[in-house]
Structures are given as C-alpha cells and as structure tokens.
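For reference, query.cif (mmCIF, C-alpha atoms):
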data_my_file
#
loop_
_atom_site.label_atom_id
_atom_site.label_comp_id
_atom_site.auth_asym_id
_atom_site.auth_seq_id
_atom_site.Cartn_x
_atom_site.Cartn_y
_atom_site.Cartn_z
CA MET A 1 0.00 0.00 0.00
CA GLY A 2 1.49 3.32 -1.01
CA ALA A 3 -1.49 5.63 -1.10
CA GLY A 4 -1.06 9.36 -0.80
CA VAL A 5 -3.34 12.40 -0.95
CA SER A 6 -2.38 15.79 -2.35
CA VAL A 7 -4.00 18.88 -0.86
CA PHE A 8 -3.68 22.39 -2.28
CA LEU A 9 -3.87 25.34 0.09
CA SER A 10 -3.76 29.02 -0.71
CA ASP A 11 -1.51 31.32 1.33
CA ASN A 12 -2.12 34.99 2.09
CA ASP A 13 -0.42 36.07 -1.13
CA GLY A 14 -2.77 33.96 -3.21
CA ARG A 15 -0.11 31.42 -4.06
CA ASP A 16 -0.90 27.72 -3.96
CA SER A 17 1.13 25.56 -1.59
CA HIS A 18 1.27 21.79 -2.08
CA VAL A 19 0.78 19.67 1.09
CA LYS A 20 1.18 15.90 0.71
CA THR A 21 -0.26 13.44 3.20
CA GLY A 22 0.16 9.68 3.46
CA LEU A 23 -0.70 6.63 5.52
CA ASP A 24 1.03 8.09 8.57
CA ASP A 25 -1.65 10.79 8.70
CA ILE A 26 -4.61 8.41 8.98
CA PRO A 27 -5.97 8.45 12.56
CA GLU A 28 -5.41 5.21 14.44
CA SER A 29 -9.13 4.95 15.25
CA CYS A 30 -9.98 5.02 11.53
CA VAL A 31 -7.41 2.32 10.82
CA ALA A 32 -8.84 0.14 13.59
CA SER A 33 -12.34 0.50 12.11
CA ILE A 34 -11.01 -0.81 8.80
CA LEU A 35 -9.16 -3.72 10.43
CA LEU A 36 -12.45 -4.97 11.88
CA TYR A 37 -13.37 -6.22 8.40
CA LEU A 38 -10.12 -8.13 7.79
CA ASP A 39 -9.06 -11.58 8.88
CA PRO A 40 -6.24 -12.01 11.46
CA PRO A 41 -3.39 -12.80 9.00
CA GLN A 42 -4.24 -9.65 7.02
CA ILE A 43 -4.30 -7.58 10.21
CA CYS A 44 -0.85 -8.84 11.20
CA LYS A 45 0.56 -7.99 7.76
CA LEU A 46 -0.82 -4.44 7.84
CA ALA A 47 0.58 -3.93 11.34
CA ARG A 48 4.03 -3.72 9.74
CA LEU A 49 3.17 -0.65 7.68
CA ASN A 50 3.67 2.08 10.28
CA ARG A 51 3.03 3.12 13.85
CA ALA A 52 -0.66 3.92 13.34
CA PHE A 53 -1.39 0.53 11.81
CA ARG A 54 0.68 -1.22 14.46
CA GLY A 55 -1.23 0.50 17.25
CA ALA A 56 -4.61 -0.16 15.63
CA ALA A 57 -3.71 -3.82 15.09
CA SER A 58 -3.27 -4.22 18.85
CA ALA A 59 -6.60 -2.66 19.83
CA ASP A 60 -8.70 -4.90 22.06
CA PHE A 61 -11.95 -4.16 20.24
CA VAL A 62 -10.41 -5.34 16.95
CA TRP A 63 -9.43 -8.73 18.37
CA ASP A 64 -12.57 -9.03 20.45
CA SER A 65 -14.44 -9.31 17.15
CA LYS A 66 -12.16 -12.18 16.05
CA LEU A 67 -12.33 -14.24 19.24
CA PRO A 68 -15.04 -16.90 19.66
CA SER A 69 -17.94 -15.79 21.81
CA ASN A 70 -16.88 -18.31 24.48
CA TYR A 71 -13.18 -17.42 24.53
CA ARG A 72 -13.28 -17.05 28.33
CA TYR A 73 -14.40 -20.67 28.63
CA LEU A 74 -11.62 -21.76 26.26
CA ILE A 75 -8.84 -19.87 28.01
CA GLU A 76 -10.03 -21.16 31.40
CA LYS A 77 -9.99 -24.67 29.94
CA VAL A 78 -6.31 -24.44 29.04
CA CYS A 79 -5.01 -21.96 31.65
CA GLY A 80 -7.29 -22.62 34.61
CA GLN A 81 -8.36 -18.96 34.67
CA VAL A 82 -8.56 -15.92 32.42
CA PRO A 83 -5.18 -14.11 32.64
CA VAL A 84 -5.77 -10.48 33.58
CA ASN A 85 -2.52 -9.24 32.04
CA LEU A 86 -3.12 -10.48 28.49
CA SER A 87 -4.54 -8.32 25.72
CA LYS A 88 -7.22 -9.70 23.40
CA LYS A 89 -4.58 -10.06 20.68
CA GLU A 90 -2.38 -12.10 23.03
CA ILE A 91 -5.35 -14.28 24.02
CA TYR A 92 -6.08 -14.92 20.34
CA ALA A 93 -2.45 -15.84 19.69
CA ARG A 94 -2.43 -18.17 22.71
CA LEU A 95 -5.58 -19.96 21.58
CA CYS A 96 -4.15 -20.43 18.06
CA GLN A 97 -1.42 -22.61 19.56
CA PRO A 98 -2.05 -26.30 20.33
CA ASN A 99 -3.49 -26.32 23.87
CA PRO A 100 -3.60 -29.72 25.61
CA PHE A 101 -6.10 -30.39 28.40
CA ASP A 102 -7.69 -33.34 30.22
CA GLY A 103 -4.29 -34.77 31.08
CA GLY A 104 -2.93 -34.25 27.58
CA THR A 105 -5.48 -36.58 25.94
CA ARG A 106 -7.30 -33.73 24.18
CA GLU A 107 -6.13 -30.63 22.40
CA LEU A 108 -7.88 -27.49 21.22
CA TRP A 109 -6.81 -24.59 19.05
CA LEU A 110 -8.27 -21.86 16.87
CA ASP A 111 -7.89 -21.81 13.12
CA MET A 112 -5.66 -18.77 12.68
CA SER A 113 -7.53 -17.39 9.66
CA THR A 114 -11.14 -17.96 10.71
CA GLY A 115 -11.03 -18.13 14.52
CA ARG A 116 -13.06 -21.34 14.46
CA ILE A 117 -12.51 -23.97 17.15
CA CYS A 118 -10.69 -27.21 16.37
CA LEU A 119 -10.65 -30.09 18.85
CA SER A 120 -8.58 -33.27 18.65
CA ILE A 121 -8.85 -36.38 20.84
CA SER A 122 -6.04 -38.86 21.46
CA SER A 123 -6.59 -42.59 21.01
CA LYS A 124 -5.84 -42.84 24.75
CA ALA A 125 -9.14 -41.06 25.44
CA LEU A 126 -11.12 -43.54 23.30
CA SER A 127 -12.58 -46.92 24.20
CA ILE A 128 -11.11 -49.45 21.73
CA THR A 129 -12.01 -53.14 21.49
CA GLY A 130 -9.09 -55.27 22.74
CA ILE A 131 -6.77 -52.30 23.30
CA ASP A 132 -5.17 -53.94 26.37
CA ASP A 133 -4.47 -57.23 24.57
CA ARG A 134 -1.04 -56.99 22.98
CA ARG A 135 -1.92 -59.73 20.50
CA TYR A 136 -4.20 -57.23 18.79
CA TRP A 137 -3.07 -53.70 19.58
CA LYS A 138 -0.05 -51.82 20.76
CA ARG A 139 0.76 -48.18 21.24
CA ILE A 140 3.67 -46.91 19.21
CA PRO A 141 5.47 -43.56 19.42
CA THR A 142 5.40 -41.39 16.32
CA GLU A 143 6.06 -37.79 15.35
CA GLU A 144 3.11 -37.97 12.95
CA SER A 145 0.60 -37.61 15.78
CA ARG A 146 0.10 -34.40 17.74
CA PHE A 147 -0.10 -36.67 20.82
CA ARG A 148 3.22 -38.36 19.95
CA SER A 149 1.69 -41.87 19.94
CA VAL A 150 -0.99 -43.87 18.11
CA ALA A 151 -2.93 -47.08 18.69
CA TYR A 152 -1.55 -49.62 16.21
CA LEU A 153 -3.74 -52.57 15.17
CA GLN A 154 -1.81 -55.78 14.46
CA GLN A 155 -4.72 -58.11 13.74
CA ILE A 156 -8.29 -58.60 14.88
CA TRP A 157 -11.58 -59.99 13.55
CA TRP A 158 -13.70 -56.98 14.48
CA PHE A 159 -13.39 -53.82 16.54
CA GLU A 160 -15.21 -50.74 17.78
CA VAL A 161 -13.76 -47.38 18.71
CA ASP A 162 -15.99 -45.23 20.91
CA GLY A 163 -15.53 -41.73 22.26
CA GLN A 164 -17.50 -38.97 23.93
CA VAL A 165 -17.14 -35.20 23.85
CA GLU A 166 -18.77 -32.70 26.19
CA PHE A 167 -17.70 -29.18 25.33
CA GLN A 168 -19.06 -25.65 25.22
CA PHE A 169 -18.95 -24.81 21.51
CA PRO A 170 -19.95 -21.46 20.01
CA ALA A 171 -23.10 -21.61 17.89
CA GLY A 172 -22.50 -23.11 14.46
CA THR A 173 -22.09 -26.33 12.50
CA TYR A 174 -19.26 -28.74 13.35
CA SER A 175 -17.85 -31.73 11.47
CA LEU A 176 -16.44 -34.90 13.01
CA PHE A 177 -13.62 -36.95 11.47
CA PHE A 178 -11.57 -40.00 12.40
CA ARG A 179 -7.90 -39.84 11.40
CA LEU A 180 -6.72 -43.26 10.20
CA GLN A 181 -3.79 -44.80 8.37
CA LEU A 182 -3.13 -48.27 6.99
CA GLY A 183 0.32 -49.68 7.65
CA ARG A 184 3.18 -48.50 9.79
CA ALA A 185 5.35 -45.79 8.34
CA SER A 186 9.08 -45.62 9.02
CA LYS A 187 12.13 -43.82 7.70
CA ARG A 188 14.78 -45.42 5.53
CA PHE A 189 17.80 -43.43 4.39
CA GLY A 190 15.98 -40.29 5.50
CA ARG A 191 12.86 -41.04 3.45
CA ARG A 192 9.42 -41.95 4.76
CA VAL A 193 8.39 -45.44 3.64
CA CYS A 194 5.53 -47.83 4.40
CA ASN A 195 5.53 -51.57 3.79
CA PRO A 196 1.99 -52.66 2.74
CA GLU A 197 2.84 -56.38 2.77
CA HIS A 198 0.81 -57.23 5.88
CA VAL A 199 -2.10 -54.86 5.25
CA HIS A 200 -5.05 -57.14 4.62
CA GLY A 201 -8.86 -57.15 4.66
CA TRP A 202 -9.60 -53.44 4.56
CA ASP A 203 -10.74 -53.41 0.92
CA ILE A 204 -13.41 -56.09 1.46
CA LYS A 205 -15.79 -54.20 3.71
CA PRO A 206 -15.94 -50.51 4.63
CA VAL A 207 -15.33 -49.00 8.04
CA ARG A 208 -18.60 -47.59 9.37
CA PHE A 209 -18.94 -44.47 11.46
CA GLN A 210 -21.68 -43.22 13.73
CA LEU A 211 -22.38 -39.92 15.47
CA SER A 212 -25.11 -39.02 17.94
CA THR A 213 -25.61 -36.11 20.32
CA SER A 214 -27.56 -35.76 23.54
CA ASP A 215 -30.13 -33.50 21.81
CA GLY A 216 -31.08 -36.15 19.24
CA GLN A 217 -28.83 -35.44 16.26
CA HIS A 218 -27.55 -38.49 14.36
CA ALA A 219 -25.23 -39.20 11.44
CA LEU A 220 -23.99 -42.37 9.71
CA SER A 221 -21.25 -42.79 7.12
CA GLN A 222 -18.79 -45.34 5.79
CA CYS A 223 -15.59 -45.46 3.79
CA TYR A 224 -13.07 -47.93 2.40
CA LEU A 225 -9.52 -47.45 3.55
CA GLY A 226 -6.83 -47.51 0.90
CA GLU A 227 -3.37 -46.23 0.03
CA PRO A 228 -1.29 -47.67 2.89
CA GLY A 229 1.06 -45.16 4.45
CA ASN A 230 -1.18 -42.11 3.96
CA TRP A 231 -3.15 -40.55 6.79
CA GLY A 232 -6.78 -40.00 5.88
CA HIS A 233 -9.57 -38.03 7.54
CA CYS A 234 -12.71 -40.16 7.44
CA TYR A 235 -15.79 -37.97 7.58
CA VAL A 236 -18.41 -39.09 10.12
CA GLY A 237 -21.01 -36.31 9.97
CA ASP A 238 -22.05 -32.86 11.17
CA PHE A 239 -23.79 -31.61 14.28
CA VAL A 240 -25.28 -28.19 14.98
CA VAL A 241 -24.82 -26.13 18.14
CA GLU A 242 -27.56 -23.59 18.81
CA ASN A 243 -26.95 -22.68 22.45
CA PRO A 244 -23.38 -21.45 22.98
CA ASN A 245 -23.90 -20.98 26.72
CA ALA A 246 -24.43 -24.67 27.50
CA PRO A 247 -22.10 -27.64 26.93
CA THR A 248 -22.87 -29.80 23.91
CA LYS A 249 -22.52 -33.53 24.48
CA VAL A 250 -21.55 -35.76 21.58
CA ALA A 251 -22.76 -38.90 23.29
CA LYS A 252 -21.30 -41.27 20.72
CA CYS A 253 -18.60 -40.97 18.09
CA ARG A 254 -17.94 -44.48 16.89
CA ALA A 255 -15.90 -46.27 14.24
CA TYR A 256 -16.57 -49.98 13.83
CA ARG A 257 -15.57 -52.76 11.48
CA VAL A 258 -16.58 -56.42 11.17
CA GLY A 259 -14.16 -58.86 9.54
CA ALA A 260 -14.91 -60.66 6.30
CA GLY A 261 -13.62 -64.21 6.57
CA SER A 262 -10.07 -63.31 7.59
CA PRO A 263 -8.51 -61.18 10.30
CA LEU A 264 -7.98 -57.48 9.74
CA ARG A 265 -4.34 -56.47 9.91
CA LYS A 266 -2.26 -53.35 10.27
CA GLY A 267 -3.89 -50.06 10.97
CA ASN A 268 -3.20 -46.93 12.98
CA GLN A 269 -5.68 -44.79 14.81
#
Translate this structure into structure tokens?
Amino acid sequence: MGAGVSVFLSDNDGRDSHVKTGLDDIPESCVASILLYLDPPQICKLARLNRAFRGAASADFVWDSKLPSNYRYLIEKVCGQVPVNLSKKEIYARLCQPNPFDGGTRELWLDMSTGRICLSISSKALSITGIDDRRYWKRIPTEESRFRSVAYLQQIWWFEVDGQVEFQFPAGTYSLFFRLQLGRASKRFGRRVCNPEHVHGWDIKPVRFQLSTSDGQHALSQCYLGEPGNWGHCYVGDFVVENPNAPTKVAKCRAYRVGAGSPLRKGNQ
C-alpha cells in the first residue's frame, strides 16, 4: 500500500502551496475501524506498515471481534483462569497454539484465519475393542501424531472405537472426522516409507462411522480405507450447536468394522 493524498492550500499572497499526506496521517481509530473487516493474517501484515497501523492492530476491540464468543471458557480450559494481564490479541495468539487439556489426551486450538474452534482427541481417550491385549493392539510412538503416539492394530476380527465429547462450543455447525492410516510408516535413508505387505482385509468391507448427540442429532457414514502409508480423515457427519452458553454432548462418536472371513491387519488410529 502506497497511497497518498495531495491537498492544495492558498496562502495569504494567493499562491498555492502543495501539502502531501500519506498513511502516517490516517488516525489510528480510523485504521482500527477498517481492520475490523479483515481476517487475522491480514491484520498482522498491515501492522508492519507504520506506527498507526501497528497500534490499531493491537486494539482490544479489533481482536474481540475475532475471538469466539466463548473465549473465556476456552482460556479457562487451558489456563485454569482468564489471565488479567493479556490483551485480546495475546489471548487470540495463545488460543491459536495447540493447547492440551484433560491430562494431555485432548487438544484445542483456533484456526488462525477464521477463529473457528478445532478439537482433537487422542486414542488414549477412546474406548477401543481389545486395546489392552497386545496380540491385537499396541501403542507406538510417532512424530506424525500431535499426541506423539498412536494405537496400532496388528490383527483382529472386528473392533469398535468409541468416544464422547462434552464441550461448550460457540453456535455453528461442526464436522467430526476419524484420522486413520493403513500400515506402519518408518524412515529409511531419511525417506518416509511404508511396507503394505501385511495390510489385509480393509478393501473387502468398509469401516462404518456413527455420530449421535444428547439432543437427538444423528449421522452415519462409511468409507473404504486404501493407500497404505497415507493418513486420511474419514468424515463421520455434522452436528449443529444452537446454544453457545451450555455444553454440547456428543454422546457417541464411533468407528466400527466387522471382519470378512479373515482377520484385519495393520492399521493406525
């Protein structure tokens, strides 16, 4: 942006004098009113223009419009209380970082561009068929999970994965996904590789997913898993939150699979 405005004034002798103004002359309050209509990344870029834009980009009322309506609930969830010494911009930046809670088994963050809430649940917070039997499952460390470990399926005839969420969401529509991968990835000579040799049975029948909430919303879906070594987000369904002041309970988020004549092998969750 390099806008400028030329103003002509007449002095006492009748001669015209040329006065040039620029972005530095725009009042900070006017700049802040403009920033209200921009998304957070754009605001941060404009803050580098000059002092007026930098000051306006730190105004609480600008960032108050970007924060979710329940930001106090969110910050209390991750900090235990609302910090009194943080500006609204600092609160927004804090919530955009991965914020673990519930003993590190769940994580929440804001999408930096939209301010929408994202919530992730570790496999350790899910009820998984046979998870304690090492013939079927084991937990393996990996840098490919935000929780630094995944539940790894070795073989089983059938399984169910159940979870529950009770959370105070802002009003809106939310989508639920399961993040799954076939095979176990590793590194060889610095490259990521996955051996699909023992991946078996997943192309015969689909994995089915189910969603239900305490207020009567339901969703069903299914998908076939393919391409071993690639993480996929399996869409379960949507649910709608109308009351942002009360917790919404997703009473059931389930993935289940029944074998088809042979044991299922090799999968991460």
Practice problem: Report as number ranges by chain the residues that result from applying the PyMOL selection byres ((chain A and resi 225-237) around 6) to the structure here. | Solution: A: 175-183, 185, 194, 196, 209, 219, 221, 224, 238
Quiz item: Within 8 Å of Pro206 of chain A, counting all atoms listed in the file, which residues qualify if same-chain residues fewer than 2 places away don't, as a PyMOL selection string?
Solution: chain A and resi 202-204+208+222-225+257
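Rounded to one decimal, atom CA of Cys96 of chain A and atom CA of Asp111 of chain A lie 6.3 Å from each other.
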Self-check item: Option closest in space to Pro100 of chain A, from A:Arg146, A:Arg139, A:Arg254, A:Arg188 [counting all atoms listed in the file]
Solution: A:Arg146
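Evaluated on this file, the PyMOL selection byres ((chain A and resi 49-60) around 9) matches Met1, Leu23, Asp24, Asp25, Ile26, Pro27, Glu28, Ser29, Cys30, Val31, Ala32, Ser33, Leu35, Ile43, Cys44, Lys45, Leu46, Ala47, Arg48, Phe61, Val62, Trp63, Asp64, Ser65, Ser87, Lys88, Lys89 and Glu90 of chain A.
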Writer output for current selection, C-alpha atoms, as a tab-separated table (two decimals), in the coordinates of the input:
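Final output, again-v4.tsv:
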chain	number	residue	atom	x	y	z
A	1	MET	CA	0.00	0.00	0.00
A	23	LEU	CA	-0.70	6.63	5.52
A	24	ASP	CA	1.03	8.09	8.57
A	25	ASP	CA	-1.65	10.79	8.70
A	26	ILE	CA	-4.61	8.41	8.98
A	27	PRO	CA	-5.97	8.45	12.56
A	28	GLU	CA	-5.41	5.21	14.44
A	29	SER	CA	-9.13	4.95	15.25
A	30	CYS	CA	-9.98	5.02	11.53
A	31	VAL	CA	-7.41	2.32	10.82
A	32	ALA	CA	-8.84	0.14	13.59
A	33	SER	CA	-12.34	0.50	12.11
A	35	LEU	CA	-9.16	-3.72	10.43
A	43	ILE	CA	-4.30	-7.58	10.21
A	44	CYS	CA	-0.85	-8.84	11.20
A	45	LYS	CA	0.56	-7.99	7.76
A	46	LEU	CA	-0.82	-4.44	7.84
A	47	ALA	CA	0.58	-3.93	11.34
A	48	ARG	CA	4.03	-3.72	9.74
A	61	PHE	CA	-11.95	-4.16	20.24
A	62	VAL	CA	-10.41	-5.34	16.95
A	63	TRP	CA	-9.43	-8.73	18.37
A	64	ASP	CA	-12.57	-9.03	20.45
A	65	SER	CA	-14.44	-9.31	17.15
A	87	SER	CA	-4.54	-8.32	25.72
A	88	LYS	CA	-7.22	-9.70	23.40
A	89	LYS	CA	-4.58	-10.06	20.68
A	90	GLU	CA	-2.38	-12.10	23.03
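Picture a line from atom CA of Lys205 of chain A to atom CA of Val150 of chain A; it runs 23.1 Å.
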